[in-house]
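Have a look at work-v2.pdb below; it lists PDB, C-alpha atoms, pLDDT in the B column.
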```pdb
MODEL        1
ATOM      1  CA  MET A   1      -4.783 -24.107  16.611  1.00 76.00           C
ATOM      2  CA  LEU A   2      -8.145 -25.028  15.102  1.00 84.00           C
ATOM      3  CA  LYS A   3      -8.630 -24.755  11.354  1.00 89.00           C
ATOM      4  CA  GLU A   4     -11.117 -21.913  11.817  1.00 90.00           C
ATOM      5  CA  GLU A   5      -8.602 -19.939  13.897  1.00 91.00           C
ATOM      6  CA  ARG A   6      -5.844 -20.624  11.410  1.00 93.00           C
ATOM      7  CA  GLN A   7      -7.942 -19.484   8.473  1.00 91.00           C
ATOM      8  CA  ALA A   8      -9.058 -16.349  10.341  1.00 91.00           C
ATOM      9  CA  TYR A   9      -5.384 -15.509  10.894  1.00 90.00           C
ATOM     10  CA  ILE A  10      -4.651 -16.077   7.206  1.00 92.00           C
ATOM     11  CA  ILE A  11      -7.502 -13.815   6.088  1.00 89.00           C
ATOM     12  CA  HIS A  12      -6.359 -11.071   8.456  1.00 87.00           C
ATOM     13  CA  GLN A  13      -2.779 -11.236   7.167  1.00 88.00           C
ATOM     14  CA  ILE A  14      -3.967 -11.118   3.561  1.00 88.00           C
ATOM     15  CA  ASN A  15      -6.224  -8.131   4.193  1.00 84.00           C
ATOM     16  CA  LEU A  16      -3.483  -6.348   6.105  1.00 84.00           C
ATOM     17  CA  HIS A  17      -0.596  -6.907   3.687  1.00 82.00           C
ATOM     18  CA  ASN A  18      -2.579  -7.467   0.454  1.00 80.00           C
ATOM     19  CA  LYS A  19      -0.527 -10.543  -0.393  1.00 83.00           C
ATOM     20  CA  VAL A  20       0.820 -13.492   1.600  1.00 87.00           C
ATOM     21  CA  LEU A  21       3.185 -16.332   0.739  1.00 88.00           C
ATOM     22  CA  SER A  22       2.453 -19.916   1.698  1.00 92.00           C
ATOM     23  CA  SER A  23       6.021 -20.342   2.943  1.00 90.00           C
ATOM     24  CA  ASP A  24       5.706 -17.369   5.336  1.00 89.00           C
ATOM     25  CA  LEU A  25       2.354 -18.530   6.696  1.00 92.00           C
ATOM     26  CA  SER A  26       3.776 -21.999   7.262  1.00 92.00           C
ATOM     27  CA  VAL A  27       6.483 -20.556   9.525  1.00 90.00           C
ATOM     28  CA  GLN A  28       4.159 -18.137  11.315  1.00 90.00           C
ATOM     29  CA  LEU A  29       1.575 -20.820  12.078  1.00 92.00           C
ATOM     30  CA  ASN A  30       4.030 -23.683  12.564  1.00 91.00           C
ATOM     31  CA  VAL A  31       2.233 -25.984  10.135  1.00 91.00           C
ATOM     32  CA  SER A  32       3.240 -27.568   6.835  1.00 92.00           C
ATOM     33  CA  GLU A  33       2.969 -25.727   3.529  1.00 90.00           C
ATOM     34  CA  ASP A  34       0.567 -28.443   2.389  1.00 91.00           C
ATOM     35  CA  THR A  35      -1.771 -27.456   5.227  1.00 93.00           C
ATOM     36  CA  ILE A  36      -1.514 -23.794   4.212  1.00 92.00           C
ATOM     37  CA  ARG A  37      -2.182 -24.640   0.563  1.00 91.00           C
ATOM     38  CA  ARG A  38      -5.304 -26.586   1.547  1.00 92.00           C
ATOM     39  CA  ASP A  39      -6.474 -23.634   3.656  1.00 92.00           C
ATOM     40  CA  LEU A  40      -5.876 -21.184   0.809  1.00 93.00           C
ATOM     41  CA  ASN A  41      -7.669 -23.430  -1.676  1.00 91.00           C
ATOM     42  CA  GLU A  42     -10.669 -23.666   0.643  1.00 92.00           C
ATOM     43  CA  LEU A  43     -10.722 -19.909   1.267  1.00 91.00           C
ATOM     44  CA  ALA A  44     -10.466 -19.261  -2.472  1.00 89.00           C
ATOM     45  CA  GLU A  45     -13.307 -21.657  -3.227  1.00 90.00           C
ATOM     46  CA  ASN A  46     -15.422 -19.791  -0.670  1.00 89.00           C
ATOM     47  CA  GLY A  47     -14.644 -16.490  -2.395  1.00 84.00           C
ATOM     48  CA  GLN A  48     -12.705 -15.029   0.557  1.00 86.00           C
ATOM     49  CA  VAL A  49      -9.273 -14.706  -1.067  1.00 88.00           C
ATOM     50  CA  LEU A  50      -7.689 -14.906  -4.510  1.00 86.00           C
ATOM     51  CA  LYS A  51      -5.292 -17.832  -4.879  1.00 89.00           C
ATOM     52  CA  VAL A  52      -2.084 -17.174  -6.829  1.00 86.00           C
ATOM     53  CA  TYR A  53       1.138 -19.087  -7.357  1.00 87.00           C
ATOM     54  CA  GLY A  54       2.930 -19.370  -4.026  1.00 88.00           C
ATOM     55  CA  GLY A  55       0.262 -17.667  -1.930  1.00 89.00           C
ATOM     56  CA  ALA A  56      -2.880 -15.544  -2.083  1.00 90.00           C
ATOM     57  CA  LEU A  57      -4.112 -11.988  -2.670  1.00 86.00           C
ATOM     58  CA  SER A  58      -6.689  -9.839  -0.916  1.00 83.00           C
ATOM     59  CA  LYS A  59     -10.011  -9.385  -2.708  1.00 75.00           C
ATOM     60  CA  SER A  60     -10.129  -5.952  -1.065  1.00 67.00           C
ATOM     61  CA  PHE A  61      -6.986  -4.934  -2.947  1.00 64.00           C
ATOM     62  CA  GLN A  62      -7.952  -6.495  -6.268  1.00 63.00           C
ATOM     63  CA  PHE A  63     -11.535  -5.220  -6.369  1.00 67.00           C
ATOM     64  CA  PRO A  64     -11.518  -1.905  -4.454  1.00 60.00           C
ATOM     65  CA  PHE A  65     -14.629  -0.592  -6.218  1.00 58.00           C
ATOM     66  CA  GLN A  66     -16.884  -3.328  -4.835  1.00 59.00           C
ATOM     67  CA  ASP A  67     -18.697  -2.152  -1.715  1.00 54.00           C
ATOM     68  CA  GLY A  68     -17.796  -4.046   1.431  1.00 58.00           C
ATOM     69  CA  ASN A  69     -14.498  -5.374   0.123  1.00 70.00           C
ATOM     70  CA  VAL A  70     -12.030  -2.754   1.355  1.00 79.00           C
ATOM     71  CA  TYR A  71     -10.313  -3.638   4.623  1.00 83.00           C
ATOM     72  CA  ALA A  72     -10.303  -0.882   7.305  1.00 89.00           C
ATOM     73  CA  LYS A  73     -12.031   1.487   4.890  1.00 90.00           C
ATOM     74  CA  GLU A  74     -12.978   4.121   7.478  1.00 92.00           C
ATOM     75  CA  SER A  75      -9.414   4.220   8.810  1.00 95.00           C
ATOM     76  CA  LYS A  76      -8.102   4.669   5.277  1.00 94.00           C
ATOM     77  CA  LYS A  77     -10.537   7.532   4.688  1.00 95.00           C
ATOM     78  CA  GLU A  78      -9.269   9.241   7.846  1.00 97.00           C
ATOM     79  CA  ILE A  79      -5.676   8.819   6.661  1.00 97.00           C
ATOM     80  CA  ALA A  80      -6.582  10.220   3.242  1.00 97.00           C
ATOM     81  CA  LYS A  81      -8.173  13.323   4.784  1.00 97.00           C
ATOM     82  CA  LYS A  82      -5.013  14.013   6.778  1.00 97.00           C
ATOM     83  CA  ALA A  83      -2.738  13.502   3.775  1.00 98.00           C
ATOM     84  CA  ILE A  84      -4.734  15.909   1.617  1.00 97.00           C
ATOM     85  CA  SER A  85      -3.682  18.724   3.987  1.00 96.00           C
ATOM     86  CA  LEU A  86      -0.133  18.361   2.603  1.00 98.00           C
ATOM     87  CA  ILE A  87      -1.223  18.999  -0.994  1.00 97.00           C
ATOM     88  CA  GLN A  88      -1.044  22.623  -2.077  1.00 96.00           C
ATOM     89  CA  ASN A  89      -2.124  24.307  -5.293  1.00 97.00           C
ATOM     90  CA  GLY A  90       0.562  24.285  -7.957  1.00 97.00           C
ATOM     91  CA  MET A  91       2.304  21.192  -6.653  1.00 98.00           C
ATOM     92  CA  THR A  92       3.449  18.262  -8.743  1.00 98.00           C
ATOM     93  CA  VAL A  93       2.490  15.090  -6.865  1.00 98.00           C
ATOM     94  CA  LEU A  94       3.434  11.453  -7.435  1.00 98.00           C
ATOM     95  CA  VAL A  95       0.931   8.895  -6.154  1.00 98.00           C
ATOM     96  CA  GLY A  96       1.271   5.147  -5.645  1.00 96.00           C
ATOM     97  CA  GLY A  97      -1.422   2.487  -5.802  1.00 93.00           C
ATOM     98  CA  GLY A  98      -3.650   0.693  -3.331  1.00 90.00           C
ATOM     99  CA  THR A  99      -6.942   1.201  -1.556  1.00 90.00           C
ATOM    100  CA  THR A 100      -5.783   4.098   0.633  1.00 93.00           C
ATOM    101  CA  MET A 101      -4.638   6.001  -2.454  1.00 95.00           C
ATOM    102  CA  ILE A 102      -8.002   5.424  -4.108  1.00 94.00           C
ATOM    103  CA  GLU A 103      -9.728   6.902  -1.042  1.00 94.00           C
ATOM    104  CA  LEU A 104      -7.362   9.881  -1.184  1.00 96.00           C
ATOM    105  CA  ALA A 105      -8.091  10.482  -4.874  1.00 96.00           C
ATOM    106  CA  ARG A 106     -11.827  10.419  -4.174  1.00 95.00           C
ATOM    107  CA  LEU A 107     -11.573  12.940  -1.335  1.00 96.00           C
ATOM    108  CA  ILE A 108      -9.381  15.573  -2.995  1.00 96.00           C
ATOM    109  CA  PRO A 109     -11.410  18.815  -3.205  1.00 95.00           C
ATOM    110  CA  ASN A 110     -12.526  19.720  -6.691  1.00 93.00           C
ATOM    111  CA  ASP A 111     -10.864  23.147  -6.544  1.00 94.00           C
ATOM    112  CA  VAL A 112      -7.341  21.786  -5.965  1.00 95.00           C
ATOM    113  CA  GLN A 113      -5.082  22.708  -8.896  1.00 96.00           C
ATOM    114  CA  CYS A 114      -2.178  20.284  -9.235  1.00 96.00           C
ATOM    115  CA  THR A 115      -0.429  17.916 -11.599  1.00 98.00           C
ATOM    116  CA  PHE A 116      -0.570  14.285 -10.497  1.00 98.00           C
ATOM    117  CA  PHE A 117       1.639  11.489 -11.771  1.00 98.00           C
ATOM    118  CA  THR A 118       0.551   7.978 -10.801  1.00 98.00           C
ATOM    119  CA  ILE A 119       1.578   4.366 -11.396  1.00 97.00           C
ATOM    120  CA  SER A 120      -1.985   3.169 -10.746  1.00 95.00           C
ATOM    121  CA  PRO A 121      -4.673   3.143 -13.463  1.00 94.00           C
ATOM    122  CA  LEU A 122      -7.345   2.846 -10.746  1.00 93.00           C
ATOM    123  CA  VAL A 123      -6.067   5.955  -8.954  1.00 95.00           C
ATOM    124  CA  ALA A 124      -5.778   7.784 -12.284  1.00 96.00           C
ATOM    125  CA  LEU A 125      -9.456   7.132 -13.026  1.00 95.00           C
ATOM    126  CA  GLU A 126     -10.478   8.656  -9.687  1.00 95.00           C
ATOM    127  CA  LEU A 127      -8.195  11.676 -10.105  1.00 96.00           C
ATOM    128  CA  ALA A 128      -9.557  12.282 -13.599  1.00 95.00           C
ATOM    129  CA  GLU A 129     -12.943  13.095 -12.044  1.00 95.00           C
ATOM    130  CA  LYS A 130     -11.476  16.327 -10.607  1.00 95.00           C
ATOM    131  CA  ASP A 131     -11.873  19.408 -12.815  1.00 94.00           C
ATOM    132  CA  ASN A 132      -8.614  21.176 -11.998  1.00 95.00           C
ATOM    133  CA  ILE A 133      -6.164  18.287 -11.831  1.00 96.00           C
ATOM    134  CA  ASP A 134      -3.890  17.223 -14.671  1.00 97.00           C
ATOM    135  CA  VAL A 135      -3.376  13.460 -14.499  1.00 97.00           C
ATOM    136  CA  ILE A 136      -0.371  11.711 -16.037  1.00 97.00           C
ATOM    137  CA  LEU A 137      -0.388   7.921 -15.919  1.00 96.00           C
ATOM    138  CA  VAL A 138       3.137   6.524 -15.989  1.00 96.00           C
ATOM    139  CA  GLY A 139       3.267   3.780 -18.626  1.00 89.00           C
ATOM    140  CA  GLY A 140       4.445   0.213 -18.237  1.00 88.00           C
ATOM    141  CA  ARG A 141       3.360  -3.386 -17.805  1.00 91.00           C
ATOM    142  CA  LEU A 142       0.291  -3.738 -15.597  1.00 89.00           C
ATOM    143  CA  SER A 143       0.831  -6.164 -12.734  1.00 86.00           C
ATOM    144  CA  ARG A 144      -2.306  -8.205 -12.067  1.00 79.00           C
ATOM    145  CA  ASN A 145      -1.113  -8.872  -8.517  1.00 77.00           C
ATOM    146  CA  THR A 146      -0.773  -5.218  -7.536  1.00 81.00           C
ATOM    147  CA  ASN A 147      -2.823  -3.204 -10.061  1.00 87.00           C
ATOM    148  CA  ILE A 148       0.137  -0.893 -10.700  1.00 91.00           C
ATOM    149  CA  VAL A 149       2.460  -0.555 -13.677  1.00 93.00           C
ATOM    150  CA  THR A 150       5.908  -2.087 -13.274  1.00 93.00           C
ATOM    151  CA  GLY A 151       9.075  -2.726 -15.229  1.00 93.00           C
ATOM    152  CA  ALA A 152      12.110  -0.892 -16.594  1.00 94.00           C
ATOM    153  CA  GLN A 153      10.014   1.529 -18.646  1.00 95.00           C
ATOM    154  CA  VAL A 154       8.315   2.823 -15.481  1.00 96.00           C
ATOM    155  CA  ILE A 155      11.628   3.250 -13.674  1.00 96.00           C
ATOM    156  CA  ASN A 156      13.080   5.129 -16.666  1.00 96.00           C
ATOM    157  CA  GLU A 157      10.094   7.480 -16.824  1.00 96.00           C
ATOM    158  CA  LEU A 158      10.243   8.136 -13.081  1.00 97.00           C
ATOM    159  CA  SER A 159      13.945   9.003 -13.364  1.00 96.00           C
ATOM    160  CA  GLU A 160      13.037  11.870 -15.696  1.00 96.00           C
ATOM    161  CA  ILE A 161      10.647  13.668 -13.352  1.00 96.00           C
ATOM    162  CA  ARG A 162      11.091  15.626 -10.133  1.00 97.00           C
ATOM    163  CA  VAL A 163       7.998  16.052  -7.976  1.00 98.00           C
ATOM    164  CA  ASP A 164       7.239  18.080  -4.863  1.00 98.00           C
ATOM    165  CA  LEU A 165       5.489  15.292  -3.009  1.00 98.00           C
ATOM    166  CA  CYS A 166       5.299  11.505  -3.219  1.00 98.00           C
ATOM    167  CA  LEU A 167       2.354   9.774  -1.554  1.00 98.00           C
ATOM    168  CA  LEU A 168       2.988   6.081  -0.931  1.00 97.00           C
ATOM    169  CA  GLY A 169       1.179   3.250   0.768  1.00 94.00           C
ATOM    170  CA  THR A 170       3.259   0.578   2.425  1.00 93.00           C
ATOM    171  CA  ASN A 171       3.180  -3.121   3.114  1.00 90.00           C
ATOM    172  CA  SER A 172       5.119  -2.729   6.363  1.00 93.00           C
ATOM    173  CA  LEU A 173       6.931   0.048   8.220  1.00 95.00           C
ATOM    174  CA  SER A 174       9.266  -0.038  11.192  1.00 96.00           C
ATOM    175  CA  VAL A 175      11.754   2.281  12.858  1.00 96.00           C
ATOM    176  CA  ASP A 176      14.670  -0.113  12.345  1.00 95.00           C
ATOM    177  CA  GLU A 177      13.995  -1.390   8.815  1.00 96.00           C
ATOM    178  CA  GLY A 178      12.011   1.494   7.348  1.00 97.00           C
ATOM    179  CA  ILE A 179       9.748   0.686   4.382  1.00 97.00           C
ATOM    180  CA  THR A 180       9.642  -3.010   3.475  1.00 95.00           C
ATOM    181  CA  ASP A 181       7.683  -5.102   1.004  1.00 92.00           C
ATOM    182  CA  SER A 182       7.283  -8.686  -0.188  1.00 86.00           C
ATOM    183  CA  ASP A 183       7.201  -8.041  -3.959  1.00 88.00           C
ATOM    184  CA  TRP A 184      10.529  -7.416  -5.722  1.00 91.00           C
ATOM    185  CA  GLU A 185       8.981  -5.499  -8.641  1.00 92.00           C
ATOM    186  CA  VAL A 186       7.063  -3.231  -6.269  1.00 92.00           C
ATOM    187  CA  VAL A 187      10.262  -2.575  -4.310  1.00 95.00           C
ATOM    188  CA  GLN A 188      12.012  -1.347  -7.471  1.00 96.00           C
ATOM    189  CA  ILE A 189       9.140   0.947  -8.442  1.00 96.00           C
ATOM    190  CA  LYS A 190       8.838   2.455  -4.958  1.00 97.00           C
ATOM    191  CA  ARG A 191      12.579   3.097  -4.816  1.00 97.00           C
ATOM    192  CA  ALA A 192      12.356   4.974  -8.122  1.00 97.00           C
ATOM    193  CA  MET A 193       9.373   6.981  -6.858  1.00 97.00           C
ATOM    194  CA  ILE A 194      11.205   7.994  -3.700  1.00 98.00           C
ATOM    195  CA  LYS A 195      14.299   8.981  -5.673  1.00 97.00           C
ATOM    196  CA  SER A 196      12.268  11.317  -7.910  1.00 97.00           C
ATOM    197  CA  SER A 197      10.603  13.138  -4.988  1.00 98.00           C
ATOM    198  CA  GLN A 198      11.589  16.060  -2.793  1.00 97.00           C
ATOM    199  CA  LYS A 199       9.392  14.862   0.076  1.00 98.00           C
ATOM    200  CA  VAL A 200       7.961  11.411   0.743  1.00 98.00           C
ATOM    201  CA  VAL A 201       4.729  10.759   2.641  1.00 98.00           C
ATOM    202  CA  ILE A 202       3.872   7.265   3.881  1.00 98.00           C
ATOM    203  CA  LEU A 203       0.179   6.517   4.398  1.00 97.00           C
ATOM    204  CA  SER A 204      -0.410   3.500   6.648  1.00 96.00           C
ATOM    205  CA  ILE A 205      -3.022   2.067   8.949  1.00 96.00           C
ATOM    206  CA  ALA A 206      -1.637   1.526  12.445  1.00 95.00           C
ATOM    207  CA  GLU A 207      -1.751  -2.275  12.142  1.00 93.00           C
ATOM    208  CA  LYS A 208       1.084  -2.185   9.607  1.00 94.00           C
ATOM    209  CA  LEU A 209       3.435  -0.247  11.866  1.00 95.00           C
ATOM    210  CA  ASN A 210       6.331  -2.042  13.540  1.00 93.00           C
ATOM    211  CA  SER A 211       6.125  -4.928  11.092  1.00 91.00           C
ATOM    212  CA  ASN A 212       8.662  -6.033   8.483  1.00 91.00           C
ATOM    213  CA  GLN A 213       8.681  -7.820   5.148  1.00 89.00           C
ATOM    214  CA  LYS A 214      11.626  -9.551   3.500  1.00 89.00           C
ATOM    215  CA  MET A 215      12.658  -6.792   1.091  1.00 93.00           C
ATOM    216  CA  ARG A 216      13.726  -3.287   2.025  1.00 96.00           C
ATOM    217  CA  VAL A 217      12.465  -0.345  -0.004  1.00 97.00           C
ATOM    218  CA  ALA A 218      14.065   2.534   1.887  1.00 97.00           C
ATOM    219  CA  PRO A 219      15.228   3.524   5.370  1.00 97.00           C
ATOM    220  CA  LEU A 220      13.036   5.679   7.564  1.00 96.00           C
ATOM    221  CA  ARG A 221      15.314   8.686   7.019  1.00 96.00           C
ATOM    222  CA  ASP A 222      14.035   8.904   3.418  1.00 97.00           C
ATOM    223  CA  VAL A 223      10.501   9.624   4.689  1.00 97.00           C
ATOM    224  CA  SER A 224       9.346  13.156   5.539  1.00 98.00           C
ATOM    225  CA  TYR A 225       5.839  12.421   6.849  1.00 98.00           C
ATOM    226  CA  LEU A 226       3.954   9.467   8.308  1.00 98.00           C
ATOM    227  CA  VAL A 227       0.160   9.644   8.129  1.00 98.00           C
ATOM    228  CA  THR A 228      -1.836   7.099  10.147  1.00 97.00           C
ATOM    229  CA  ASP A 229      -5.282   6.618  11.628  1.00 97.00           C
ATOM    230  CA  LEU A 230      -3.897   7.331  15.107  1.00 97.00           C
ATOM    231  CA  GLU A 231      -3.609  10.653  16.884  1.00 96.00           C
ATOM    232  CA  PRO A 232      -0.058  12.035  16.482  1.00 96.00           C
ATOM    233  CA  SER A 233       0.375  11.919  20.268  1.00 96.00           C
ATOM    234  CA  ASN A 234      -0.276   8.169  20.422  1.00 97.00           C
ATOM    235  CA  PRO A 235       2.605   6.334  22.156  1.00 96.00           C
ATOM    236  CA  LYS A 236       2.827   3.883  19.237  1.00 95.00           C
ATOM    237  CA  LEU A 237       4.097   6.756  17.107  1.00 97.00           C
ATOM    238  CA  SER A 238       6.645   8.186  19.539  1.00 96.00           C
ATOM    239  CA  GLU A 239       9.670   6.388  18.046  1.00 96.00           C
ATOM    240  CA  PHE A 240       8.648   7.346  14.511  1.00 97.00           C
ATOM    241  CA  ALA A 241       8.208  10.971  15.574  1.00 96.00           C
ATOM    242  CA  LYS A 242      11.927  11.153  16.396  1.00 95.00           C
ATOM    243  CA  SER A 243      12.780  10.748  12.703  1.00 93.00           C
ATOM    244  CA  LEU A 244       9.904  12.360  10.800  1.00 95.00           C
ATOM    245  CA  LYS A 245       6.728  14.420  11.129  1.00 97.00           C
ATOM    246  CA  VAL A 246       3.679  12.409  12.165  1.00 97.00           C
ATOM    247  CA  LEU A 247       0.126  13.344  11.186  1.00 96.00           C
TER     248      LEU A 247
ENDMDL
END
```
In structure tokens, how does this file's structure come out?
Amino acid sequence: MLKEERQAYIIHQINLHNKVLSSDLSVQLNVSEDTIRRDLNELAENGQVLKVYGGALSKSFQFPFQDGNVYAKESKKEIAKKAISLIQNGMTVLVGGGTTMIELARLIPNDVQCTFFTISPLVALELAEKDNIDVILVGGRLSRNTNIVTGAQVINELSEIRVDLCLLGTNSLSVDEGITDSDWEVVQIKRAMIKSSQKVVILSIAEKLNSNQKMRVAPLRDVSYLVTDLEPSNPKLSEFAKSLKVL
């Protein structure tokens, strides 16, 4: 594989999953970790990714307010529009972080009357623009890698609430493994969010479906709804539709 092809693959994986590890890319591309590190350094110097210890982050995820940065933005807007149909006046809703959640917060109609809890300061800022929404930002240590709050304090606060609906993005989702992620702190926070919710909604672009990360968040049976950028009748969703409602 040529260097240009290898780096294109790396950029796509970073945009898709927000974060990649050098060790994983080395296995996927069958090259040394030194080669991957050189690629990541070059991509970072060119402003295409953000280099961190052990891997790299997506600029799209870190700077979602900069035009042109967000990966698959139109697909994420379509997903957000579908997910909003599940929100009803009077609900208490728990919202995760990420670019799809920011799009959802922007698109919520101004007349919706709900209470929103969120672990994302960026999502909270967007929700605060709505006149009839009460916004409660769960407190904790802000993770620079994920732009959400993490730690024991967050998990303790989440254990004390019970919400009608939890809206979560995902790193990967499959029928066999359910929700998976590559960040241990994120896994713990998402587990606590799911536990505090009556119904869980996963928002995911189709490219993330049928993929797995190293750490399991929850099995598919814990999810009530899957919202994607595909039509519900799409064959790619048929196996998921056996376990949950697809939008």
Shortest interatomic distance to Leu165 (chain A) - which of A:Thr100, A:Asn15, A:Ile205, A:Ala83, counting all atoms listed in the file =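 Among the listed residues, the smallest separation from Leu165 (chain A) belongs to A:Ala83.
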Rounded to one decimal place, report the CA of Val163 (chain A)-CA of Val93 (chain A) distance in Å.
->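 Distance between the two atoms: 5.7 Å.
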Hey, which of A:Ser22, A:Thr92, A:Ser32, A:Asn212 ends up closest to Asp164 (chain A)? Count all atoms listed in the file.
->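 When distances to Asp164 (chain A) are compared using all atoms listed in the file, the smallest one comes from A:Thr92.
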Determine the nearest neighbour of Ile155 (chain A) from the options A:Arg216, A:Lys130, A:Lys190, A:Lys59, counting only C-alpha atoms.
->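 Selected residue with least distance to Ile155 (chain A): A:Lys190.
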So which residues touch region 113-123 of chain A within 7 Å, counting only C-alpha atoms, skipping near sequence neighbours fewer than 5 positions away, as a PyMOL selection string?
-> chain A and resi 89-97+101-102+105+132-138+147-149
How far is it from CA of Lys73 (chain A) to CA of Asp183 (chain A), in Å with one decimal?
->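 About the pair CA of Lys73 (chain A) and CA of Asp183 (chain A): they are 23.2 Å apart.
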Given the file shown, enumerate the residues that the PyMOL selection byres ((chain A and resi 41) around 12) captures and present them as a PDB file with C-alpha atoms, in the coordinates of the input.
```pdb
ATOM      1  CA  GLN A   7      -7.942 -19.484   8.473  1.00 91.00           C
ATOM      2  CA  ILE A  10      -4.651 -16.077   7.206  1.00 92.00           C
ATOM      3  CA  SER A  22       2.453 -19.916   1.698  1.00 92.00           C
ATOM      4  CA  ASP A  34       0.567 -28.443   2.389  1.00 91.00           C
ATOM      5  CA  THR A  35      -1.771 -27.456   5.227  1.00 93.00           C
ATOM      6  CA  ILE A  36      -1.514 -23.794   4.212  1.00 92.00           C
ATOM      7  CA  ARG A  37      -2.182 -24.640   0.563  1.00 91.00           C
ATOM      8  CA  ARG A  38      -5.304 -26.586   1.547  1.00 92.00           C
ATOM      9  CA  ASP A  39      -6.474 -23.634   3.656  1.00 92.00           C
ATOM     10  CA  LEU A  40      -5.876 -21.184   0.809  1.00 93.00           C
ATOM     11  CA  GLU A  42     -10.669 -23.666   0.643  1.00 92.00           C
ATOM     12  CA  LEU A  43     -10.722 -19.909   1.267  1.00 91.00           C
ATOM     13  CA  ALA A  44     -10.466 -19.261  -2.472  1.00 89.00           C
ATOM     14  CA  GLU A  45     -13.307 -21.657  -3.227  1.00 90.00           C
ATOM     15  CA  ASN A  46     -15.422 -19.791  -0.670  1.00 89.00           C
ATOM     16  CA  GLY A  47     -14.644 -16.490  -2.395  1.00 84.00           C
ATOM     17  CA  GLN A  48     -12.705 -15.029   0.557  1.00 86.00           C
ATOM     18  CA  VAL A  49      -9.273 -14.706  -1.067  1.00 88.00           C
ATOM     19  CA  LEU A  50      -7.689 -14.906  -4.510  1.00 86.00           C
ATOM     20  CA  LYS A  51      -5.292 -17.832  -4.879  1.00 89.00           C
ATOM     21  CA  VAL A  52      -2.084 -17.174  -6.829  1.00 86.00           C
ATOM     22  CA  TYR A  53       1.138 -19.087  -7.357  1.00 87.00           C
ATOM     23  CA  GLY A  54       2.930 -19.370  -4.026  1.00 88.00           C
ATOM     24  CA  GLY A  55       0.262 -17.667  -1.930  1.00 89.00           C
ATOM     25  CA  ALA A  56      -2.880 -15.544  -2.083  1.00 90.00           C
TER      26      ALA A  56
END
```
List the residues matched by the PyMOL selection byres ((chain A and resi 230-232) around 9) in the displayed structure as a VMD selection string, ordered by chain and then by residue number.
-> chain A and resid 75 79 205 to 206 227 to 229 233 to 238 241 245 to 247
Could you write out that same residue set with C-alpha atoms as an mmCIF file, in the coordinates of the input?
```cif
data_model
loop_
_atom_site.group_PDB
_atom_site.id
_atom_site.type_symbol
_atom_site.label_atom_id
_atom_site.label_comp_id
_atom_site.auth_asym_id
_atom_site.auth_seq_id
_atom_site.Cartn_x
_atom_site.Cartn_y
_atom_site.Cartn_z
ATOM 1 C CA SER A 75 -9.414 4.220 8.810
ATOM 2 C CA ILE A 79 -5.676 8.819 6.661
ATOM 3 C CA ILE A 205 -3.022 2.067 8.949
ATOM 4 C CA ALA A 206 -1.637 1.526 12.445
ATOM 5 C CA VAL A 227 0.160 9.644 8.129
ATOM 6 C CA THR A 228 -1.836 7.099 10.147
ATOM 7 C CA ASP A 229 -5.282 6.618 11.628
ATOM 8 C CA SER A 233 0.375 11.919 20.268
ATOM 9 C CA ASN A 234 -0.276 8.169 20.422
ATOM 10 C CA PRO A 235 2.605 6.334 22.156
ATOM 11 C CA LYS A 236 2.827 3.883 19.237
ATOM 12 C CA LEU A 237 4.097 6.756 17.107
ATOM 13 C CA SER A 238 6.645 8.186 19.539
ATOM 14 C CA ALA A 241 8.208 10.971 15.574
ATOM 15 C CA LYS A 245 6.728 14.420 11.129
ATOM 16 C CA VAL A 246 3.679 12.409 12.165
ATOM 17 C CA LEU A 247 0.126 13.344 11.186
#
```
Which value, in Å to one decimal, gives the distance between CA of Arg191 (chain A) and CA of Ala152 (chain A)?
->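 Computed distance, CA of Arg191 (chain A) to CA of Ala152 (chain A), equals 12.4 Å.
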Using the file's own x, y and z axes, so that the box edges lie along x, y and z, what centre and edge lengths in Å (one decimal) does a box around every listed atom of region 24-37 of chain A get when 8 Å is added on each side? Give it as lines of an AutoDock Vina configuration file.
```
center_x = 2.2
center_y = -22.9
center_z = 6.6
size_x = 24.7
size_y = 27.1
size_z = 28.0
```
Selected residue, from A:Leu142, A:Ile87, A:Ala192, A:Met1, that lies nearest to Asp111 (chain A) when counting all atoms listed in the file |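 Ranked by minimum distance to Asp111 (chain A), first place goes to A:Ile87.
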Carefully work through the PyMOL selection byres ((chain A and resi 243) around 10) for this structure and note down the residues it includes, as a list in words.
-> Val175, Leu220, Arg221, Asp222, Val223, Ser224, Tyr225, Leu226, Ser238, Glu239, Phe240, Ala241, Lys242, Leu244, Lys245 and Val246 of chain A
Could you tell me which of A:Arg106, A:Ser172, A:Asn69, A:Glu177 comes closest to Gln13 (chain A) if we count all atoms listed in the file?
->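 Residue with the minimum atom-to-atom distance to Gln13 (chain A): A:Ser172.
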